[in-house]
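The file target.cif contains mmCIF, C-alpha atoms:
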```cif
data_my_file
loop_
_atom_site.group_PDB
_atom_site.id
_atom_site.type_symbol
_atom_site.label_atom_id
_atom_site.label_comp_id
_atom_site.auth_asym_id
_atom_site.auth_seq_id
_atom_site.Cartn_x
_atom_site.Cartn_y
_atom_site.Cartn_z
ATOM 1 C CA MET E 1 -220.727 13.513 57.385
ATOM 2 C CA PHE E 2 -219.186 15.967 59.833
ATOM 3 C CA THR E 3 -220.322 19.139 61.595
ATOM 4 C CA GLY E 4 -217.204 21.301 61.473
ATOM 5 C CA ILE E 5 -216.876 21.275 65.264
ATOM 6 C CA VAL E 6 -213.236 20.342 65.908
ATOM 7 C CA GLU E 7 -212.870 17.678 68.606
ATOM 8 C CA GLU E 8 -209.157 17.967 69.192
ATOM 9 C CA LEU E 9 -205.951 19.430 67.912
ATOM 10 C CA GLY E 10 -203.696 16.568 66.836
ATOM 11 C CA SER E 11 -200.253 16.748 65.283
ATOM 12 C CA VAL E 12 -198.523 15.255 62.279
ATOM 13 C CA GLU E 13 -196.068 12.531 63.226
ATOM 14 C CA SER E 14 -195.010 11.678 59.678
ATOM 15 C CA LEU E 15 -195.963 11.913 56.018
ATOM 16 C CA ILE E 16 -194.132 9.265 54.026
ATOM 17 C CA GLY E 17 -195.394 8.849 50.467
ATOM 18 C CA PRO E 18 -199.160 8.521 50.655
ATOM 19 C CA ARG E 19 -199.181 7.463 54.350
ATOM 20 C CA LEU E 20 -200.032 10.161 56.900
ATOM 21 C CA ARG E 21 -199.561 9.415 60.609
ATOM 22 C CA ILE E 22 -201.324 11.649 63.129
ATOM 23 C CA ARG E 23 -200.829 11.844 66.901
ATOM 24 C CA ALA E 24 -204.180 12.055 68.662
ATOM 25 C CA SER E 25 -206.127 10.882 71.701
ATOM 26 C CA ARG E 26 -209.810 11.788 71.715
ATOM 27 C CA VAL E 27 -210.603 10.682 68.134
ATOM 28 C CA LEU E 28 -209.127 7.270 68.992
ATOM 29 C CA ASP E 29 -211.782 6.545 71.672
ATOM 30 C CA ASP E 30 -213.878 4.363 69.369
ATOM 31 C CA VAL E 31 -211.594 3.962 66.341
ATOM 32 C CA THR E 32 -212.092 1.024 63.988
ATOM 33 C CA MET E 33 -210.506 -0.055 60.728
ATOM 34 C CA GLY E 34 -212.046 1.928 57.882
ATOM 35 C CA ALA E 35 -213.461 4.644 60.141
ATOM 36 C CA SER E 36 -213.578 8.185 58.774
ATOM 37 C CA THR E 37 -211.820 11.068 60.473
ATOM 38 C CA ALA E 38 -211.508 14.628 59.168
ATOM 39 C CA VAL E 39 -208.011 16.143 59.159
ATOM 40 C CA ASN E 40 -208.136 19.902 58.534
ATOM 41 C CA GLY E 41 -211.497 19.272 56.901
ATOM 42 C CA VAL E 42 -210.356 16.375 54.698
ATOM 43 C CA CYS E 43 -212.201 13.090 55.228
ATOM 44 C CA LEU E 44 -209.618 10.310 55.539
ATOM 45 C CA THR E 45 -209.966 6.592 56.233
ATOM 46 C CA VAL E 46 -208.228 4.999 59.216
ATOM 47 C CA VAL E 47 -205.960 2.170 57.998
ATOM 48 C CA ALA E 48 -203.875 1.588 61.158
ATOM 49 C CA TRP E 49 -203.675 2.895 64.730
ATOM 50 C CA GLY E 50 -201.961 2.554 68.099
ATOM 51 C CA ASP E 51 -202.374 3.996 71.582
ATOM 52 C CA ASP E 52 -201.749 7.617 70.571
ATOM 53 C CA TRP E 53 -201.616 7.632 66.760
ATOM 54 C CA TRP E 54 -203.514 6.671 63.633
ATOM 55 C CA GLU E 55 -202.695 6.470 59.929
ATOM 56 C CA ALA E 56 -204.453 7.142 56.644
ATOM 57 C CA ASP E 57 -203.468 6.823 53.010
ATOM 58 C CA VAL E 58 -203.814 10.049 51.020
ATOM 59 C CA SER E 59 -204.549 9.883 47.292
ATOM 60 C CA ASP E 60 -202.958 12.062 44.602
ATOM 61 C CA GLU E 61 -206.374 13.723 44.068
ATOM 62 C CA THR E 62 -206.528 14.673 47.747
ATOM 63 C CA PHE E 63 -202.984 16.053 47.698
ATOM 64 C CA ALA E 64 -203.840 18.089 44.566
ATOM 65 C CA ARG E 65 -207.028 19.641 46.009
ATOM 66 C CA THR E 66 -205.982 20.224 49.618
ATOM 67 C CA SER E 67 -203.140 21.543 51.726
ATOM 68 C CA LEU E 68 -202.306 18.122 53.213
ATOM 69 C CA GLY E 69 -199.168 17.829 51.077
ATOM 70 C CA THR E 70 -197.669 20.857 52.821
ATOM 71 C CA LEU E 71 -197.879 19.270 56.277
ATOM 72 C CA ALA E 72 -194.645 18.496 58.132
ATOM 73 C CA PRO E 73 -193.922 16.559 61.338
ATOM 74 C CA GLY E 74 -195.068 18.544 64.345
ATOM 75 C CA ASP E 75 -197.685 20.579 62.465
ATOM 76 C CA PRO E 76 -200.994 20.863 64.332
ATOM 77 C CA VAL E 77 -204.138 19.555 62.608
ATOM 78 C CA ASN E 78 -207.845 19.879 63.351
ATOM 79 C CA LEU E 79 -209.487 16.496 63.963
ATOM 80 C CA GLU E 80 -213.151 15.492 63.965
ATOM 81 C CA ARG E 81 -214.920 12.150 63.898
ATOM 82 C CA PRO E 82 -218.093 11.828 61.815
ATOM 83 C CA VAL E 83 -221.393 12.855 63.338
ATOM 84 C CA ARG E 84 -223.718 10.083 64.542
ATOM 85 C CA LEU E 85 -227.459 10.295 63.957
ATOM 86 C CA GLU E 86 -228.112 10.855 67.669
ATOM 87 C CA ASP E 87 -225.567 13.724 67.933
ATOM 88 C CA ARG E 88 -226.362 17.422 67.920
ATOM 89 C CA LEU E 89 -225.491 19.199 64.699
ATOM 90 C CA GLY E 90 -223.471 22.009 66.278
ATOM 91 C CA GLY E 91 -221.976 23.446 63.094
ATOM 92 C CA HIS E 92 -223.409 22.703 59.651
ATOM 93 C CA LEU E 93 -223.429 19.748 57.268
ATOM 94 C CA VAL E 94 -219.818 19.134 56.242
ATOM 95 C CA GLN E 95 -218.835 16.339 53.882
ATOM 96 C CA GLY E 96 -215.083 16.406 54.348
ATOM 97 C CA HIS E 97 -214.744 16.815 50.572
ATOM 98 C CA VAL E 98 -212.560 19.890 50.163
ATOM 99 C CA ASP E 99 -213.517 22.094 47.209
ATOM 100 C CA GLY E 100 -210.217 23.946 47.028
ATOM 101 C CA THR E 101 -207.722 25.945 48.994
ATOM 102 C CA GLY E 102 -207.645 29.583 50.009
ATOM 103 C CA THR E 103 -204.944 31.863 51.346
ATOM 104 C CA ILE E 104 -205.038 33.921 54.524
ATOM 105 C CA LEU E 105 -204.817 37.519 53.321
ATOM 106 C CA GLU E 106 -205.173 39.497 56.544
ATOM 107 C CA ARG E 107 -205.711 39.060 60.274
ATOM 108 C CA VAL E 108 -207.317 41.928 62.189
ATOM 109 C CA PRO E 109 -207.129 41.473 65.971
ATOM 110 C CA GLY E 110 -209.962 42.825 68.103
ATOM 111 C CA GLU E 111 -210.585 43.094 71.816
ATOM 112 C CA HIS E 112 -212.658 39.895 71.978
ATOM 113 C CA TRP E 113 -212.214 38.226 68.585
ATOM 114 C CA GLU E 114 -210.145 38.334 65.437
ATOM 115 C CA VAL E 115 -211.355 38.915 61.882
ATOM 116 C CA VAL E 116 -209.579 36.795 59.282
ATOM 117 C CA HIS E 117 -209.762 37.564 55.540
ATOM 118 C CA ILE E 118 -209.276 34.610 53.201
ATOM 119 C CA GLY E 119 -208.727 34.629 49.447
ATOM 120 C CA LEU E 120 -210.986 32.408 47.334
ATOM 121 C CA PRO E 121 -210.286 30.456 44.145
ATOM 122 C CA ASP E 122 -212.213 31.846 41.146
ATOM 123 C CA ASP E 123 -214.652 28.933 40.996
ATOM 124 C CA LEU E 124 -215.788 29.076 44.653
ATOM 125 C CA GLY E 125 -216.793 32.717 45.155
ATOM 126 C CA ARG E 126 -220.345 32.158 43.882
ATOM 127 C CA TYR E 127 -221.061 29.717 46.759
ATOM 128 C CA VAL E 128 -219.972 32.007 49.589
ATOM 129 C CA VAL E 129 -222.630 34.354 50.971
ATOM 130 C CA GLU E 130 -222.767 36.768 53.868
ATOM 131 C CA LYS E 131 -224.019 35.010 57.038
ATOM 132 C CA GLY E 132 -223.761 31.653 55.232
ATOM 133 C CA SER E 133 -221.659 28.704 56.359
ATOM 134 C CA ILE E 134 -218.199 27.745 55.146
ATOM 135 C CA THR E 135 -215.672 25.217 56.378
ATOM 136 C CA VAL E 136 -212.096 26.445 56.788
ATOM 137 C CA ASP E 137 -209.568 23.715 57.679
ATOM 138 C CA GLY E 138 -212.502 21.649 58.921
ATOM 139 C CA ILE E 139 -213.958 24.415 61.112
ATOM 140 C CA SER E 140 -217.589 25.413 60.614
ATOM 141 C CA LEU E 141 -217.637 29.205 60.397
ATOM 142 C CA THR E 142 -220.110 31.943 59.538
ATOM 143 C CA VAL E 143 -219.138 34.294 56.722
ATOM 144 C CA VAL E 144 -219.014 37.928 57.852
ATOM 145 C CA GLU E 145 -218.433 39.559 54.462
ATOM 146 C CA SER E 146 -218.225 38.021 51.021
ATOM 147 C CA GLN E 147 -216.707 39.325 47.815
ATOM 148 C CA ARG E 148 -216.051 37.566 44.532
ATOM 149 C CA ASP E 149 -212.457 36.644 45.411
ATOM 150 C CA ARG E 150 -212.372 36.751 49.224
ATOM 151 C CA PHE E 151 -214.412 36.478 52.398
ATOM 152 C CA SER E 152 -213.969 37.161 56.094
ATOM 153 C CA VAL E 153 -214.825 35.293 59.283
ATOM 154 C CA SER E 154 -214.725 36.304 62.952
ATOM 155 C CA LEU E 155 -212.886 33.945 65.276
ATOM 156 C CA ILE E 156 -213.829 33.833 68.939
ATOM 157 C CA PRO E 157 -211.147 33.114 71.585
ATOM 158 C CA THR E 158 -212.141 29.435 71.801
ATOM 159 C CA THR E 159 -211.627 28.935 68.053
ATOM 160 C CA LEU E 160 -208.298 30.771 68.201
ATOM 161 C CA GLU E 161 -207.129 28.622 71.108
ATOM 162 C CA LEU E 162 -208.423 25.176 70.112
ATOM 163 C CA THR E 163 -207.914 25.079 66.321
ATOM 164 C CA THR E 164 -205.186 25.615 63.740
ATOM 165 C CA LEU E 165 -206.670 29.001 62.775
ATOM 166 C CA GLY E 166 -205.187 30.472 65.948
ATOM 167 C CA ARG E 167 -201.721 29.617 64.611
ATOM 168 C CA LYS E 168 -202.043 30.368 60.893
ATOM 169 C CA VAL E 169 -200.396 33.501 59.524
ATOM 170 C CA VAL E 170 -200.858 35.682 56.463
ATOM 171 C CA GLY E 171 -199.866 33.682 53.392
ATOM 172 C CA ASP E 172 -200.792 30.281 54.863
ATOM 173 C CA THR E 173 -203.004 27.963 52.839
ATOM 174 C CA VAL E 174 -206.291 26.648 54.238
ATOM 175 C CA ASN E 175 -208.715 23.988 53.019
ATOM 176 C CA LEU E 176 -212.160 25.247 51.986
ATOM 177 C CA GLU E 177 -215.443 23.405 51.691
ATOM 178 C CA VAL E 178 -218.417 25.469 50.619
ATOM 179 C CA ASP E 179 -221.957 24.694 51.736
ATOM 180 C CA VAL E 180 -223.085 21.559 49.887
ATOM 181 C CA VAL E 181 -226.666 22.858 49.688
ATOM 182 C CA ALA E 182 -225.515 25.730 47.447
ATOM 183 C CA LYS E 183 -223.827 23.283 45.075
ATOM 184 C CA TYR E 184 -226.948 21.133 44.813
ATOM 185 C CA VAL E 185 -229.192 24.142 44.188
ATOM 186 C CA GLU E 186 -226.878 25.351 41.425
ATOM 187 C CA ARG E 187 -226.849 21.912 39.809
ATOM 188 C CA MET E 188 -230.641 21.598 39.915
ATOM 189 C CA LEU E 189 -231.043 25.018 38.316
ATOM 190 C CA GLU E 190 -228.573 24.074 35.560
ATOM 191 C CA TRP E 191 -230.592 20.965 34.732
ATOM 192 C CA ARG E 192 -233.856 22.889 34.856
ATOM 193 C CA THR E 193 -232.692 25.503 32.357
ATOM 194 C CA SER E 194 -230.960 23.133 29.937
#
```
Taking this structure as input, can you express it in the form of structure tokens?
Amino acid sequence: MFTGIVEELGSVESLIGPRLRIRASRVLDDVTMGASTAVNGVCLTVVAWGDDWWEADVSDETFARTSLGTLAPGDPVNLERPVRLEDRLGGHLVQGHVDGTGTILERVPGEHWEVVHIGLPDDLGRYVVEKGSITVDGISLTVVESQRDRFSVSLIPTTLELTTLGRKVVGDTVNLEVDVVAKYVERMLEWRTS
């Protein structure tokens, strides 16, 4: 389980077949074999590491559902270790199980923040609500406006500076994870009415 509070901006060193190698520092502080680390919101398992890098194997399912397959050497990535029970929950409950990808449709700069509009896949719009939580490339964000096929978020200077969303442009793909609570509520209501 994660919180959507990015710990550091790492970078892709290589992606050869299913093996992804990431350059990092902070997330390596207490790394162990089999540890989970979120990369742009995707929970991956550490299979090898060195002084300033770590590796994970990425399954075909993960490549199909996320934007990880589009990564190239040098690309920045958001990194977060899982939350511990004694940690503060600074964002919201994030599983690291990406529901789909969206596309950046528009960026509207402001004096103190930037509003970013993101297109939604058809099957995710029902889970996104105004002032609700959503994870975009592993970043816990609050939805400003929500429509059936798109939503917007406001990015403060810190988010723009310390995460990949400060570097993404119109047309870029982002990983989306909707609030897990909404999915559970929907499922319970389906069972109740069937």
Applied to the shown file, which residues does the PyMOL selection byres ((chain E and resi 169) around 12) return, written as a PDB file with C-alpha atoms, in the coordinates of the input?
```
ATOM      1  CA  THR E 103    -204.944  31.863  51.346  1.00  0.00           C
ATOM      2  CA  ILE E 104    -205.038  33.921  54.524  1.00  0.00           C
ATOM      3  CA  LEU E 105    -204.817  37.519  53.321  1.00  0.00           C
ATOM      4  CA  GLU E 106    -205.173  39.497  56.544  1.00  0.00           C
ATOM      5  CA  ARG E 107    -205.711  39.060  60.274  1.00  0.00           C
ATOM      6  CA  VAL E 108    -207.317  41.928  62.189  1.00  0.00           C
ATOM      7  CA  VAL E 116    -209.579  36.795  59.282  1.00  0.00           C
ATOM      8  CA  HIS E 117    -209.762  37.564  55.540  1.00  0.00           C
ATOM      9  CA  ILE E 118    -209.276  34.610  53.201  1.00  0.00           C
ATOM     10  CA  THR E 164    -205.186  25.615  63.740  1.00  0.00           C
ATOM     11  CA  LEU E 165    -206.670  29.001  62.775  1.00  0.00           C
ATOM     12  CA  GLY E 166    -205.187  30.472  65.948  1.00  0.00           C
ATOM     13  CA  ARG E 167    -201.721  29.617  64.611  1.00  0.00           C
ATOM     14  CA  LYS E 168    -202.043  30.368  60.893  1.00  0.00           C
ATOM     15  CA  VAL E 170    -200.858  35.682  56.463  1.00  0.00           C
ATOM     16  CA  GLY E 171    -199.866  33.682  53.392  1.00  0.00           C
ATOM     17  CA  ASP E 172    -200.792  30.281  54.863  1.00  0.00           C
ATOM     18  CA  THR E 173    -203.004  27.963  52.839  1.00  0.00           C
ATOM     19  CA  VAL E 174    -206.291  26.648  54.238  1.00  0.00           C
TER      20      VAL E 174
END
```
| field | Residues returned when the PyMOL selection byres ((chain E and resi 128-143) around 9) runs on this file, as an NGL selection string | value | :E and (2-6 or 38-42 or 77-80 or 90-94 or 96 or 98 or 101-102 or 124-127 or 144-148 or 150-155 or 159 or 163-165 or 174-179 or 182)
| query | Counting all atoms listed in the file, which of E:Gly69, E:Pro76, E:Pro82, E:Gly34 gets nearest to E:Met1? | reply | E:Pro82
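In this comparison, which uses all atoms listed in the file, the residue of E:Val83, E:Leu189, E:Ile156, E:Leu44 approaching E:Glu7 most closely is E:Val83.
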When the PyMOL selection byres ((chain E and resi 21) around 7) is applied to the structure above, which residues does it catch, written out as a PDB file with C-alpha atoms, keeping the file's coordinate frame?
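Output contents, as saved in part_19.pdb:
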```
ATOM      1  CA  VAL E  12    -198.523  15.255  62.279  1.00  0.00           C
ATOM      2  CA  GLU E  13    -196.068  12.531  63.226  1.00  0.00           C
ATOM      3  CA  SER E  14    -195.010  11.678  59.678  1.00  0.00           C
ATOM      4  CA  LEU E  15    -195.963  11.913  56.018  1.00  0.00           C
ATOM      5  CA  ARG E  19    -199.181   7.463  54.350  1.00  0.00           C
ATOM      6  CA  LEU E  20    -200.032  10.161  56.900  1.00  0.00           C
ATOM      7  CA  ILE E  22    -201.324  11.649  63.129  1.00  0.00           C
ATOM      8  CA  ARG E  23    -200.829  11.844  66.901  1.00  0.00           C
ATOM      9  CA  TRP E  53    -201.616   7.632  66.760  1.00  0.00           C
ATOM     10  CA  TRP E  54    -203.514   6.671  63.633  1.00  0.00           C
ATOM     11  CA  GLU E  55    -202.695   6.470  59.929  1.00  0.00           C
ATOM     12  CA  ALA E  56    -204.453   7.142  56.644  1.00  0.00           C
TER      13      ALA E  56
END
```
Step by step, gather every atom of stretch 137-148 of chain E that the file lists, find the box along x, y and z that holds them, add 4 Å on each side, and finally give centre and edge lengths in Å to one decimal, as JSON.
```
{"center_x": -214.8, "center_y": 30.6, "center_z": 52.8, "size_x": 18.5, "size_y": 25.9, "size_z": 24.6}
```
| field | Interatomic distance (Å, one decimal) between atom CA of E:Glu190 and atom CA of E:Glu61 | value | 25.9 Å
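As for atom CA of E:Ser11 and atom CA of E:Ser36, they are spaced 17.1 Å apart.
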| Just how far from atom CA of E:Ala35 is atom CA of E:Ala64, in Å to one decimal? |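 Taking atom CA of E:Ala64 as the start and atom CA of E:Ala35 as the end point, the length is 22.7 Å.
Proximity of E:Pro109, E:Pro73, E:Gly50, E:Gly119 to E:Leu160, computed with all atoms listed in the file, is greatest for E:Pro109.
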| Looking at E:Glu8, E:Asp123, E:Asp87, E:Asp149, which one is nearest to E:Gly100, with distances taken over only C-alpha atoms? | E:Asp123
| Of the listed residues E:Gln95, E:Val47, E:Gly110, E:Met188, that which approaches E:Met33 most closely, counting all atoms listed in the file |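 When distances to E:Met33 are compared using all atoms listed in the file, the smallest one comes from E:Val47.
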| Using only C-alpha atoms, which of the listed residues (E:Ile16, E:Val58, E:Leu120, E:Val31) sits closest to E:Arg81? |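 Answer, going by the shortest atom-to-atom distance: E:Val31.
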